[in-house]
$ cat query.txt   # compact mmCIF, C-alpha atoms and all ligand atoms
# COMPACT_ATOMS: atom_id res chain seq x y z
CA MET I 129 134.22 101.97 98.22
CA ASP I 130 135.79 98.85 99.71
CA VAL I 131 132.91 96.35 99.66
CA GLY I 132 135.13 93.52 100.92
CA LYS I 133 135.99 95.52 104.02
CA ILE I 134 132.36 96.55 104.54
CA ARG I 135 131.22 92.93 104.29
CA ARG I 136 133.48 91.93 107.16
CA ASP I 137 131.44 94.21 109.46
CA PHE I 138 128.27 92.19 108.79
CA THR I 139 128.56 88.89 110.62
CA VAL I 140 125.48 87.37 109.01
CA LEU I 141 126.97 87.72 105.51
CA ASN I 142 129.92 85.58 106.51
CA ARG I 143 127.95 82.66 107.94
CA GLU I 144 126.79 79.87 105.71
CA ILE I 145 123.14 78.97 105.77
CA GLY I 146 122.49 75.44 104.54
CA GLY I 147 126.05 75.22 103.14
CA LYS I 148 125.98 78.53 101.22
CA LEU I 149 126.57 82.15 102.10
CA PRO I 150 123.43 84.27 102.01
CA ILE I 151 122.83 86.76 99.21
CA TYR I 152 120.88 89.45 100.95
CA PHE I 153 118.81 91.46 98.45
CA ASP I 154 116.14 92.68 100.86
CA SER I 155 117.66 95.90 102.15
CA ALA I 156 114.70 98.05 101.06
CA CYS I 157 112.75 96.14 103.71
CA GLN I 158 115.45 96.22 106.34
CA THR I 159 119.21 96.55 106.02
CA LEU I 160 121.67 94.38 107.89
CA ARG I 161 123.51 95.93 110.83
CA PRO I 162 127.28 96.33 111.03
CA LYS I 163 129.26 95.50 114.14
CA PRO I 164 129.84 99.14 115.23
CA VAL I 165 126.08 99.66 115.43
CA ILE I 166 125.54 96.47 117.40
CA ASP I 167 128.44 97.42 119.68
CA ALA I 168 126.98 100.88 120.33
CA MET I 169 123.65 99.35 121.30
CA THR I 170 125.31 96.77 123.52
CA GLU I 171 127.36 99.49 125.17
CA TYR I 172 124.12 101.21 126.20
CA TYR I 173 122.85 98.06 127.93
CA GLU I 174 126.19 97.28 129.53
CA SER I 175 127.45 100.71 130.53
CA PHE I 176 124.61 103.22 130.98
CA PRO I 177 121.28 101.34 130.86
CA SER I 178 119.23 104.18 132.23
CA CYS I 179 116.74 106.71 130.88
CA ALA I 180 117.32 110.15 129.42
CA GLY I 181 115.88 113.52 130.36
CA ARG I 182 114.48 112.52 133.74
CA SER I 183 116.78 111.42 136.58
CA VAL I 184 119.86 113.46 137.48
CA HIS I 185 122.25 110.63 138.40
CA LYS I 186 125.40 109.80 136.44
CA LEU I 187 124.03 106.96 134.33
CA ALA I 188 120.99 108.99 133.32
CA THR I 189 123.20 111.95 132.47
CA GLU I 190 125.32 109.72 130.23
CA VAL I 191 122.21 108.51 128.36
CA SER I 192 121.00 112.09 127.93
CA LEU I 193 124.37 113.12 126.50
CA ARG I 194 124.48 110.13 124.13
CA CYS I 195 120.94 110.79 122.92
CA ASP I 196 121.69 114.48 122.41
CA ALA I 197 124.76 113.48 120.41
CA ALA I 198 122.67 111.09 118.29
CA ARG I 199 120.10 113.84 117.65
CA SER I 200 122.85 116.21 116.53
CA ARG I 201 124.22 113.44 114.29
CA VAL I 202 120.85 113.04 112.57
CA ALA I 203 120.50 116.82 112.20
CA ASP I 204 123.94 117.01 110.56
CA PHE I 205 123.21 114.02 108.35
CA PHE I 206 120.15 115.76 106.84
CA ASP I 207 121.63 119.25 107.20
CA ALA I 208 118.81 120.44 109.47
CA GLU I 209 119.26 123.85 111.02
CA SER I 210 119.03 122.58 114.58
CA PRO I 211 118.90 119.25 116.43
CA THR I 212 115.56 120.39 117.89
CA GLU I 213 114.10 119.82 114.41
CA ILE I 214 114.74 116.07 114.82
CA ALA I 215 112.50 113.76 116.85
CA PHE I 216 113.08 110.07 117.48
CA LEU I 217 109.90 108.12 116.82
CA LYS I 218 109.16 104.45 116.24
CA ASN I 219 109.49 104.36 112.45
CA THR I 220 108.64 106.24 109.25
CA THR I 221 104.97 105.43 109.64
CA GLU I 222 104.76 107.27 112.94
CA GLY I 223 106.37 110.38 111.46
CA LEU I 224 103.98 110.38 108.51
CA ASN I 225 100.96 109.90 110.77
CA THR I 226 102.19 112.67 113.08
CA VAL I 227 101.95 115.19 110.25
CA ILE I 228 98.86 113.85 108.50
CA PHE I 229 96.79 113.80 111.71
CA GLY I 230 98.64 116.57 113.54
CA MET I 231 98.11 119.47 111.13
CA GLY I 232 94.50 119.95 112.17
CA LEU I 233 93.20 119.54 108.62
CA LYS I 234 89.49 120.23 108.16
CA LYS I 235 86.70 119.33 105.78
CA GLY I 236 87.41 120.93 102.42
CA ASP I 237 91.19 120.95 102.89
CA GLU I 238 93.08 118.93 100.30
CA ILE I 239 96.07 116.58 100.34
CA VAL I 240 98.04 115.74 97.20
CA THR I 241 100.02 112.51 96.83
CA THR I 242 101.51 110.46 94.01
CA ASP I 243 99.64 107.40 92.72
CA TYR I 244 102.35 105.07 94.08
CA GLU I 245 102.36 105.81 97.79
CA HIS I 246 103.25 103.26 100.43
CA ASN I 247 100.28 102.40 102.67
CA SER I 248 101.97 104.40 105.44
CA VAL I 249 100.98 107.50 103.48
CA HIS I 250 97.94 106.21 101.64
CA VAL I 251 96.03 104.68 104.54
CA PRO I 252 96.20 107.63 106.99
CA VAL I 253 95.23 110.00 104.16
CA VAL I 254 92.23 107.86 103.23
CA GLN I 255 91.32 107.65 106.92
CA LEU I 256 91.31 111.45 107.05
CA THR I 257 89.05 111.66 104.00
CA LYS I 258 86.58 109.44 105.87
CA THR I 259 86.73 110.98 109.34
CA VAL I 260 87.23 114.66 108.50
CA GLY I 261 86.16 115.06 104.87
CA VAL I 262 89.59 116.06 103.59
CA ARG I 263 89.89 115.67 99.81
CA HIS I 264 92.65 113.42 98.47
CA ARG I 265 94.06 114.19 95.04
CA MET I 266 96.51 111.86 93.36
CA VAL I 267 98.97 112.74 90.63
CA GLU I 268 98.89 110.08 87.94
CA SER I 269 102.38 108.89 86.97
CA ALA I 270 103.68 109.32 83.43
CA THR I 271 103.57 106.18 81.26
CA ASP I 272 107.31 105.62 81.75
CA GLY I 273 106.75 105.40 85.52
CA THR I 274 108.20 108.82 86.34
CA PHE I 275 106.57 111.67 88.22
CA ASP I 276 104.66 114.12 86.01
CA LEU I 277 105.32 117.69 87.17
CA GLU I 278 102.70 119.13 84.80
CA ARG I 279 100.00 116.88 86.21
CA PHE I 280 101.17 117.78 89.70
CA GLU I 281 100.82 121.48 88.99
CA LYS I 282 97.33 120.86 87.59
CA ALA I 283 96.36 119.04 90.82
CA MET I 284 97.41 122.00 92.96
CA ASN I 285 95.13 124.79 94.14
CA LYS I 286 94.86 127.05 97.18
CA LYS I 287 92.86 124.46 99.14
CA VAL I 288 95.80 122.05 99.17
CA ARG I 289 97.29 122.19 102.67
CA LEU I 290 99.61 119.21 102.41
CA VAL I 291 101.66 117.59 99.64
CA ASP I 292 102.63 114.21 101.03
CA MET I 293 104.87 112.16 98.79
CA CYS I 294 107.24 109.29 98.71
CA LEU I 295 110.64 110.71 97.81
CA THR I 296 111.84 107.35 96.48
CA SER I 297 109.39 104.61 95.58
CA ASN I 298 109.83 101.31 97.38
CA VAL I 299 108.37 99.53 94.34
CA SER I 300 110.30 101.05 91.44
CA GLY I 301 113.19 102.83 93.19
CA TYR I 302 112.35 106.03 91.31
CA THR I 303 113.09 109.34 93.06
CA LEU I 304 110.82 112.26 92.23
CA PRO I 305 112.09 115.80 91.44
CA ALA I 306 111.98 116.93 95.05
CA ARG I 307 113.11 120.53 94.70
CA GLU I 308 110.53 121.26 92.01
CA VAL I 309 107.77 119.58 94.02
CA VAL I 310 108.56 121.73 97.06
CA GLU I 311 108.70 124.93 94.99
CA ILE I 312 105.37 124.27 93.32
CA ALA I 313 103.69 123.19 96.58
CA HIS I 314 104.94 126.27 98.45
CA SER I 315 103.77 128.57 95.67
CA TYR I 316 100.24 127.41 96.54
CA GLY I 317 100.81 127.80 100.29
CA ALA I 318 100.89 124.03 100.92
CA LYS I 319 103.30 122.28 103.30
CA VAL I 320 105.40 119.35 102.05
CA LEU I 321 105.95 116.06 103.82
CA PHE I 322 108.45 113.65 102.27
CA ASP I 323 108.33 109.97 103.01
CA ALA I 324 112.08 109.36 102.89
CA ALA I 325 112.01 105.73 104.04
CA GLN I 326 113.74 104.60 100.83
CA ALA I 327 115.57 107.78 99.92
CA ALA I 328 117.39 108.43 103.20
CA PRO I 329 119.50 105.22 103.09
CA SER I 330 120.68 105.80 99.55
CA MET I 331 121.24 109.45 98.78
CA ARG I 332 122.32 112.69 100.30
CA ILE I 333 119.30 114.65 101.54
CA ASP I 334 119.71 118.27 102.50
CA VAL I 335 116.42 119.39 104.03
CA ARG I 336 117.35 123.06 104.00
CA GLN I 337 118.34 123.04 100.38
CA LEU I 338 115.15 121.19 99.49
CA GLY I 339 113.05 123.51 101.63
CA VAL I 340 110.90 120.57 102.72
CA ASP I 341 108.71 121.13 105.80
CA PHE I 342 108.54 117.60 107.23
CA MET I 343 110.33 114.35 106.53
CA ALA I 344 110.21 110.83 107.96
CA ALA I 345 112.65 107.91 107.67
CA SER I 346 113.47 104.65 109.48
CA ALA I 347 116.81 103.71 111.05
CA HIS I 348 116.30 100.03 110.21
CA LYS I 349 116.71 100.80 106.50
CA MET I 350 119.95 102.70 107.20
CA CYS I 351 122.03 100.04 108.98
CA GLY I 352 120.42 101.13 112.24
CA PRO I 353 118.27 99.31 114.77
CA SER I 354 114.63 98.27 114.42
CA GLY I 355 112.07 100.45 116.09
CA VAL I 356 113.59 103.90 115.55
CA GLY I 357 112.18 106.50 113.19
CA VAL I 358 113.82 109.83 112.49
CA PHE I 359 111.40 112.66 111.99
CA TYR I 360 112.26 116.14 110.73
CA ALA I 361 109.92 119.08 111.34
CA ARG I 362 111.06 122.56 110.32
CA ALA I 363 111.57 124.75 113.40
CA GLU I 364 109.12 127.54 112.56
CA ILE I 365 106.20 125.15 112.15
CA SER I 366 106.98 122.11 114.29
CA ASP I 367 105.11 123.44 117.34
CA ARG I 368 101.94 123.80 115.27
CA LEU I 369 101.70 120.01 115.02
CA THR I 370 99.63 118.20 117.59
CA PRO I 371 101.38 114.98 118.69
CA LEU I 372 99.85 111.58 118.06
CA MET I 373 100.28 110.55 121.69
CA PHE I 374 100.12 112.36 125.00
CA GLY I 375 101.63 111.48 128.36
CA GLY I 376 104.87 111.59 130.32
CA HIS I 377 107.78 113.73 129.17
CA GLY I 378 105.87 115.54 126.40
CA VAL I 379 104.56 118.27 128.71
CA THR I 380 106.00 121.15 130.74
CA ASP I 381 103.23 121.24 133.31
CA THR I 382 99.80 119.88 134.08
CA ASP I 383 96.95 120.75 136.42
CA TYR I 384 93.75 118.78 137.01
CA ALA I 385 92.04 120.31 133.98
CA SER I 386 94.80 121.05 131.48
CA PHE I 387 98.38 120.54 130.34
CA LYS I 388 101.04 122.47 128.50
CA LEU I 389 102.95 120.69 125.74
CA LEU I 390 106.70 120.96 125.48
CA PRO I 391 108.11 122.40 122.26
CA ALA I 392 109.41 120.05 119.55
CA PRO I 393 111.03 117.59 119.57
CA GLU I 394 110.02 116.51 123.12
CA ARG I 395 106.30 116.93 122.42
CA PHE I 396 106.58 114.06 119.91
CA GLU I 397 108.61 111.78 122.20
CA THR I 398 106.08 110.83 124.82
CA GLY I 399 106.94 108.06 127.26
CA LEU I 400 110.20 106.26 127.86
CA GLN I 401 112.21 105.97 124.66
CA ASN I 402 114.25 103.31 122.85
CA TYR I 403 117.61 104.64 124.11
CA SER I 404 119.79 101.83 122.80
CA GLY I 405 118.07 102.31 119.46
CA ILE I 406 118.70 106.05 119.48
CA VAL I 407 122.38 105.52 120.32
CA GLY I 408 122.57 102.82 117.61
CA THR I 409 121.00 105.22 115.10
CA GLY I 410 123.79 107.72 115.75
CA ALA I 411 126.34 104.96 115.17
CA ALA I 412 124.57 103.88 111.96
CA LEU I 413 124.72 107.38 110.53
CA ASP I 414 128.41 107.60 111.47
CA TYR I 415 128.92 104.36 109.60
CA LEU I 416 127.09 105.53 106.45
CA SER I 417 128.77 108.94 106.55
CA ALA I 418 132.21 107.34 106.70
CA ILE I 419 131.39 105.51 103.45
CA GLY I 420 129.76 108.62 101.94
CA MET I 421 126.21 108.94 100.63
CA ASP I 422 127.35 109.76 97.09
CA ALA I 423 129.52 106.63 97.04
CA ILE I 424 126.57 104.56 98.30
CA ARG I 425 124.30 105.86 95.54
CA GLU I 426 126.95 105.24 92.90
CA HIS I 427 127.53 101.70 94.16
CA GLU I 428 123.82 100.83 94.13
CA ILE I 429 123.37 102.18 90.61
CA SER I 430 126.39 100.36 89.27
CA LEU I 431 125.05 97.03 90.60
CA ASN I 432 121.59 97.84 89.34
CA LYS I 433 122.96 98.60 85.87
CA ARG I 434 124.69 95.22 85.82
CA MET I 435 121.48 93.49 86.92
CA THR I 436 119.31 95.35 84.45
CA ARG I 437 121.69 94.81 81.54
CA ALA I 438 121.68 91.07 82.17
CA LEU I 439 117.92 90.69 82.56
CA VAL I 440 116.11 93.36 80.62
CA ASP I 441 116.00 91.37 77.37
CA VAL I 442 115.45 87.90 78.86
CA PRO I 443 112.18 86.52 77.40
CA GLY I 444 109.41 86.50 80.03
CA VAL I 445 111.17 88.87 82.43
CA SER I 446 109.52 92.26 82.87
CA VAL I 447 111.05 95.06 84.91
CA ILE I 448 108.90 97.53 86.85
CA ARG I 449 109.37 100.94 85.20
CA PRO I 450 111.25 103.22 84.80
CA ARG I 451 113.56 100.97 82.78
CA ASP I 452 116.66 103.12 83.25
CA PRO I 453 118.65 101.83 86.25
CA ASN I 454 120.24 105.26 86.68
CA VAL I 455 116.95 106.48 88.15
CA ARG I 456 116.13 103.34 90.16
CA GLY I 457 118.89 103.47 92.80
CA GLY I 458 119.30 100.03 94.35
CA ILE I 459 115.88 98.65 93.47
CA PHE I 460 115.19 96.10 90.76
CA SER I 461 111.56 94.97 90.79
CA PHE I 462 110.42 92.42 88.26
CA ASN I 463 108.11 89.60 87.25
CA ILE I 464 108.53 86.40 85.30
CA GLU I 465 105.57 85.62 83.12
CA GLY I 466 103.82 82.48 84.32
CA LEU I 467 105.28 82.54 87.84
CA SER I 468 103.92 84.32 90.90
CA ALA I 469 106.19 86.78 92.68
CA HIS I 470 106.16 84.58 95.80
CA ASP I 471 107.18 81.55 93.72
CA ILE I 472 110.13 83.47 92.31
CA ALA I 473 111.27 84.57 95.77
CA MET I 474 110.85 81.11 97.30
CA ILE I 475 112.62 79.29 94.47
CA LEU I 476 115.60 81.68 94.52
CA ASP I 477 115.82 81.40 98.30
CA ASN I 478 115.81 77.60 98.09
CA SER I 479 118.21 77.31 95.19
CA ASN I 480 120.73 80.06 95.88
CA ASN I 481 120.06 81.62 99.31
CA ILE I 482 118.95 84.78 97.50
CA MET I 483 116.79 86.66 99.94
CA MET I 484 114.37 89.23 98.61
CA ARG I 485 110.84 90.43 98.99
CA SER I 486 107.79 89.54 96.94
CA GLY I 487 104.16 90.61 96.85
CA MET I 488 102.61 94.07 96.83
CA HIS I 489 105.19 95.71 99.11
CA CYS I 490 102.54 97.64 101.12
CA CYS I 491 101.64 99.43 97.88
CA HIS I 492 98.40 97.69 96.93
CA THR I 493 97.10 100.72 95.02
CA TYR I 494 100.17 100.73 92.78
CA PHE I 495 99.52 97.17 91.65
CA HIS I 496 95.70 97.32 91.52
CA SER I 497 95.77 100.47 89.40
CA ARG I 498 98.24 98.93 86.96
CA GLY I 499 96.60 95.50 86.80
CA ILE I 500 99.64 93.64 88.19
CA ASP I 501 99.43 90.99 90.92
CA GLY I 502 102.65 92.08 92.65
CA CYS I 503 106.34 91.69 91.91
CA ALA I 504 109.59 90.30 93.20
CA ARG I 505 112.02 92.95 94.41
CA ALA I 506 115.78 92.68 94.65
CA SER I 507 117.12 95.62 96.65
CA LEU I 508 120.84 96.29 96.83
CA TYR I 509 122.99 98.00 99.38
CA ILE I 510 126.54 98.76 100.48
CA TYR I 511 127.50 95.14 101.22
CA ASN I 512 126.34 93.66 97.92
CA GLU I 513 128.86 92.86 95.22
CA ALA I 514 128.97 92.15 91.52
CA GLY I 515 129.45 88.38 92.03
CA GLU I 516 126.15 88.20 93.89
CA VAL I 517 124.41 90.07 91.10
CA ASP I 518 125.78 87.53 88.61
CA VAL I 519 124.50 84.57 90.65
CA PHE I 520 121.11 86.29 90.78
CA THR I 521 120.84 87.17 87.08
CA GLU I 522 121.85 83.65 86.08
CA ALA I 523 119.30 82.13 88.45
CA VAL I 524 116.53 84.42 87.21
CA SER I 525 117.38 83.71 83.56
CA ASP I 526 117.31 79.97 84.28
CA LEU I 527 114.00 80.27 86.05
CA ALA I 528 112.45 82.22 83.20
CA ALA I 529 113.77 79.68 80.67
CA LYS I 530 112.61 76.59 82.63
CA PHE I 531 109.34 77.70 84.19
CA GLY I 532 108.36 81.01 82.58
CA LYS I 533 105.34 81.07 80.31
CA SER I 534 107.31 82.31 77.34
CA SER I 535 109.84 79.45 77.63
C1 LIG K 601 108.42 104.14 100.85
C2 LIG K 601 108.12 103.64 102.22
N1 LIG K 601 107.37 104.39 103.03
C3 LIG K 601 107.08 104.00 104.28
C4 LIG K 601 107.52 102.80 104.77
C5 LIG K 601 107.16 102.40 106.16
O1 LIG K 601 108.30 102.31 106.93
P1 LIG K 601 108.22 101.76 108.43
O2 LIG K 601 107.62 100.40 108.33
O3 LIG K 601 109.61 101.76 108.89
O4 LIG K 601 107.34 102.70 109.17
C6 LIG K 601 108.27 101.96 103.96
C7 LIG K 601 108.72 100.64 104.43
O5 LIG K 601 109.11 99.79 103.72
C8 LIG K 601 108.59 102.40 102.65
O6 LIG K 601 109.32 101.65 101.82
$ encode --input "query.txt" --output "structure tokens" --more "lines below"
Ligand SMILES: Cc1ncc(COP(=O)(O)O)c(C=O)c1O
Amino acid sequence: MDVGKIRRDFTVLNREIGGKLPIYFDSACQTLRPKPVIDAMTEYYESFPSCAGRSVHKLATEVSLRCDAARSRVADFFDAESPTEIAFLKNTTEGLNTVIFGMGLKKGDEIVTTDYEHNSVHVPVVQLTKTVGVRHRMVESATDGTFDLERFEKAMNKKVRLVDMCLTSNVSGYTLPAREVVEIAHSYGAKVLFDAAQAAPSMRIDVRQLGVDFMAASAHKMCGPSGVGVFYARAEISDRLTPLMFGGHGVTDTDYASFKLLPAPERFETGLQNYSGIVGTGAALDYLSAIGMDAIREHEISLNKRMTRALVDVPGVSVIRPRDPNVRGGIFSFNIEGLSAHDIAMILDNSNNIMMRSGMHCCHTYFHSRGIDGCARASLYIYNEAGEVDVFTEAVSDLAAKFGKSS
């Protein structure tokens, strides 16, 4: 993987901010966008700025063709059986909500999650427990921070209709054993929804091989534009989901008293869509595919190993488990005793232009249940390089030595 060449595609990495180049370690929040993606989006606005699936003129036809091509690109990327299994939504959150509220779950039905879900899973599930009386079961993590398959199996029963889990944690970077989860869930007759917001940018996901029923991810974490979610719903069951929104384009026909919904994916794509975003998403997946998902994963882990090796034994620095960087992809979450996570992030931004996220990362339950106030998170991606990791580890070691409680 030629990181130097990749970096040249990201204008922002090559512009000094306050006299120094930025070190962007916040890709788990949002990745940067390469020039080909920006060009594809600009091309939409300059060359065919119309809407898809409605008018029959030439510009509209061009948009329809480009959006169809982008849908096929996403389907190929995740190895879906058909492009009709892919809907373009706003983000991961919308895909997750579409399943959680669209399955028609009733009082007494059960949903099983991990105990480290992002609020985009946790909050809609809790809402459903309140409004409908669905029961929410959580699988407690093992002490080393990994997913406990035995506990999962114990949580399962025939009332579980949905297993809704974060494939890769945005706090620890840990990826659960997806194939086993699907097998166990299906053996109880439950459907599986994977929150792939963090997994999709960093590993190869083959939905058919996994056998997963539904999956949601966000283009903005995959070098794509903001405001586009990719949503997978397996063909045989996608039309059983009720959409979150109703209106134009999602229906085949209406009369004064009723309407007929279109089949998936159109039923989920109500109203005029983010066409430049959809076209840009296709370009982003082309970009990632040209690098190769296995190469991306390998690159992230190699940087994470370097980071972990340099910091794991520094007095006062604690790493969010699991400790092994081989199972944490590109995420290194940590604390320095005596400093708040926001202090760490602000100081490193001021001193070295190191940009990362701090706080509870939309995972309040993770931190409350473990008695931690939050953490700082460095998240690595295709454009990061070893030299940046070294600047970071030196700065964190200095910080721990000068201001940490154990110094
Ligand atoms: C694991 C996980 N799930 C869900 C989301 C929500 O994604 P979005 O804000 O794109 O809907 C995020 C965002 O950071 C995430 O990391």
$ residues_around --input "query.txt" --residues "Val202 in chain I" --least-positions-apart "3" --cutoff "8 Å" --atoms "all atoms listed in the file" --output "VMD selection string"
chain I and resid 198 to 199 205 to 206 211 214 358 410 413
$ residues_around --input "query.txt" --residues "range 215-222 of chain I" --least-positions-apart "4" --cutoff "9 Å" --atoms "all atoms listed in the file" --output "NGL selection string"
:I and (199 or 211 or 226-227 or 247-249 or 323-325 or 343-348 or 354-361 or 372 or 392-397 or 401-402 or 406)
$ residues_around --input "query.txt" --residues "range 492-500 of chain I" --least-positions-apart "3" --cutoff "12 Å" --atoms "all atoms listed in the file" --output "short mmCIF file (atom, residue, chain, number, x, y, z; two decimals) with C-alpha atoms, in the frame of the given file"
data_model
loop_
_atom_site.label_atom_id
_atom_site.label_comp_id
_atom_site.auth_asym_id
_atom_site.auth_seq_id
_atom_site.Cartn_x
_atom_site.Cartn_y
_atom_site.Cartn_z
CA THR I 242 101.51 110.46 94.01
CA ASP I 243 99.64 107.40 92.72
CA TYR I 244 102.35 105.07 94.08
CA GLU I 245 102.36 105.81 97.79
CA HIS I 246 103.25 103.26 100.43
CA ASN I 247 100.28 102.40 102.67
CA SER I 248 101.97 104.40 105.44
CA VAL I 249 100.98 107.50 103.48
CA HIS I 250 97.94 106.21 101.64
CA VAL I 251 96.03 104.68 104.54
CA VAL I 254 92.23 107.86 103.23
CA MET I 266 96.51 111.86 93.36
CA GLU I 268 98.89 110.08 87.94
CA SER I 269 102.38 108.89 86.97
CA THR I 271 103.57 106.18 81.26
CA GLY I 273 106.75 105.40 85.52
CA SER I 297 109.39 104.61 95.58
CA ASN I 298 109.83 101.31 97.38
CA VAL I 299 108.37 99.53 94.34
CA SER I 300 110.30 101.05 91.44
CA SER I 446 109.52 92.26 82.87
CA VAL I 447 111.05 95.06 84.91
CA ILE I 448 108.90 97.53 86.85
CA ARG I 449 109.37 100.94 85.20
CA PHE I 462 110.42 92.42 88.26
CA ASN I 463 108.11 89.60 87.25
CA ILE I 464 108.53 86.40 85.30
CA GLU I 465 105.57 85.62 83.12
CA SER I 468 103.92 84.32 90.90
CA ALA I 469 106.19 86.78 92.68
CA GLY I 487 104.16 90.61 96.85
CA MET I 488 102.61 94.07 96.83
CA HIS I 489 105.19 95.71 99.11
CA CYS I 503 106.34 91.69 91.91
CA ALA I 504 109.59 90.30 93.20
#
$ atom_distance --input "query.txt" --atom1 "CA of Glu428 in chain I" --atom2 "CA of Leu508 in chain I"
6.1 Å
$ residues_around --input "query.txt" --residues "Ser479 in chain I" --least-positions-apart "5" --cutoff "12 Å" --atoms "only C-alpha atoms" --output "list in words"
Ile145, Gly146, Gly147, Lys148, Leu149, Pro150, Ile151, Asp471, Ile472, Ala473, Met474, Val519, Phe520, Glu522, Ala523, Val524, Asp526 and Leu527 of chain I
$ residues_around --input "query.txt" --residues "range 419-423 of chain I" --least-positions-apart "5" --cutoff "7 Å" --atoms "all atoms listed in the file" --output "list of chain:residue names"
I:Met129, I:Ser330, I:Met331, I:Arg332
$ closest_residue --input "query.txt" --among "I:Thr159, I:Ser525, I:Ser210, I:Thr274" --to "Asp441 in chain I" --atoms "only C-alpha atoms"
I:Ser525
$ atom_distance --input "query.txt" --atom1 "CA of Leu321 in chain I" --atom2 "CA of Val253 in chain I"
12.3 Å
$ closest_residue --input "query.txt" --among "I:Ile312, I:Ile475, I:Ala283, I:Ala156" --to "ligand LIG 601 (chain K)" --atoms "all atoms listed in the file"
I:Ala156
$ axis_aligned_box --input "query.txt" --around "ligand LIG 601 (chain K)" --padding-each-side "5 Å" --output "AutoDock Vina command-line options"
--center_x 108.3 --center_y 102.1 --center_z 105.0 --size_x 12.5 --size_y 14.6 --size_z 18.3
$ atom_distance --input "query.txt" --atom1 "CA of Ser461 in chain I" --atom2 "CA of Phe342 in chain I"
28.1 Å
$ closest_residue --input "query.txt" --among "I:Thr170, I:Thr398, I:Asn285, I:Gln158" --to "His314 in chain I" --atoms "only C-alpha atoms"
I:Asn285
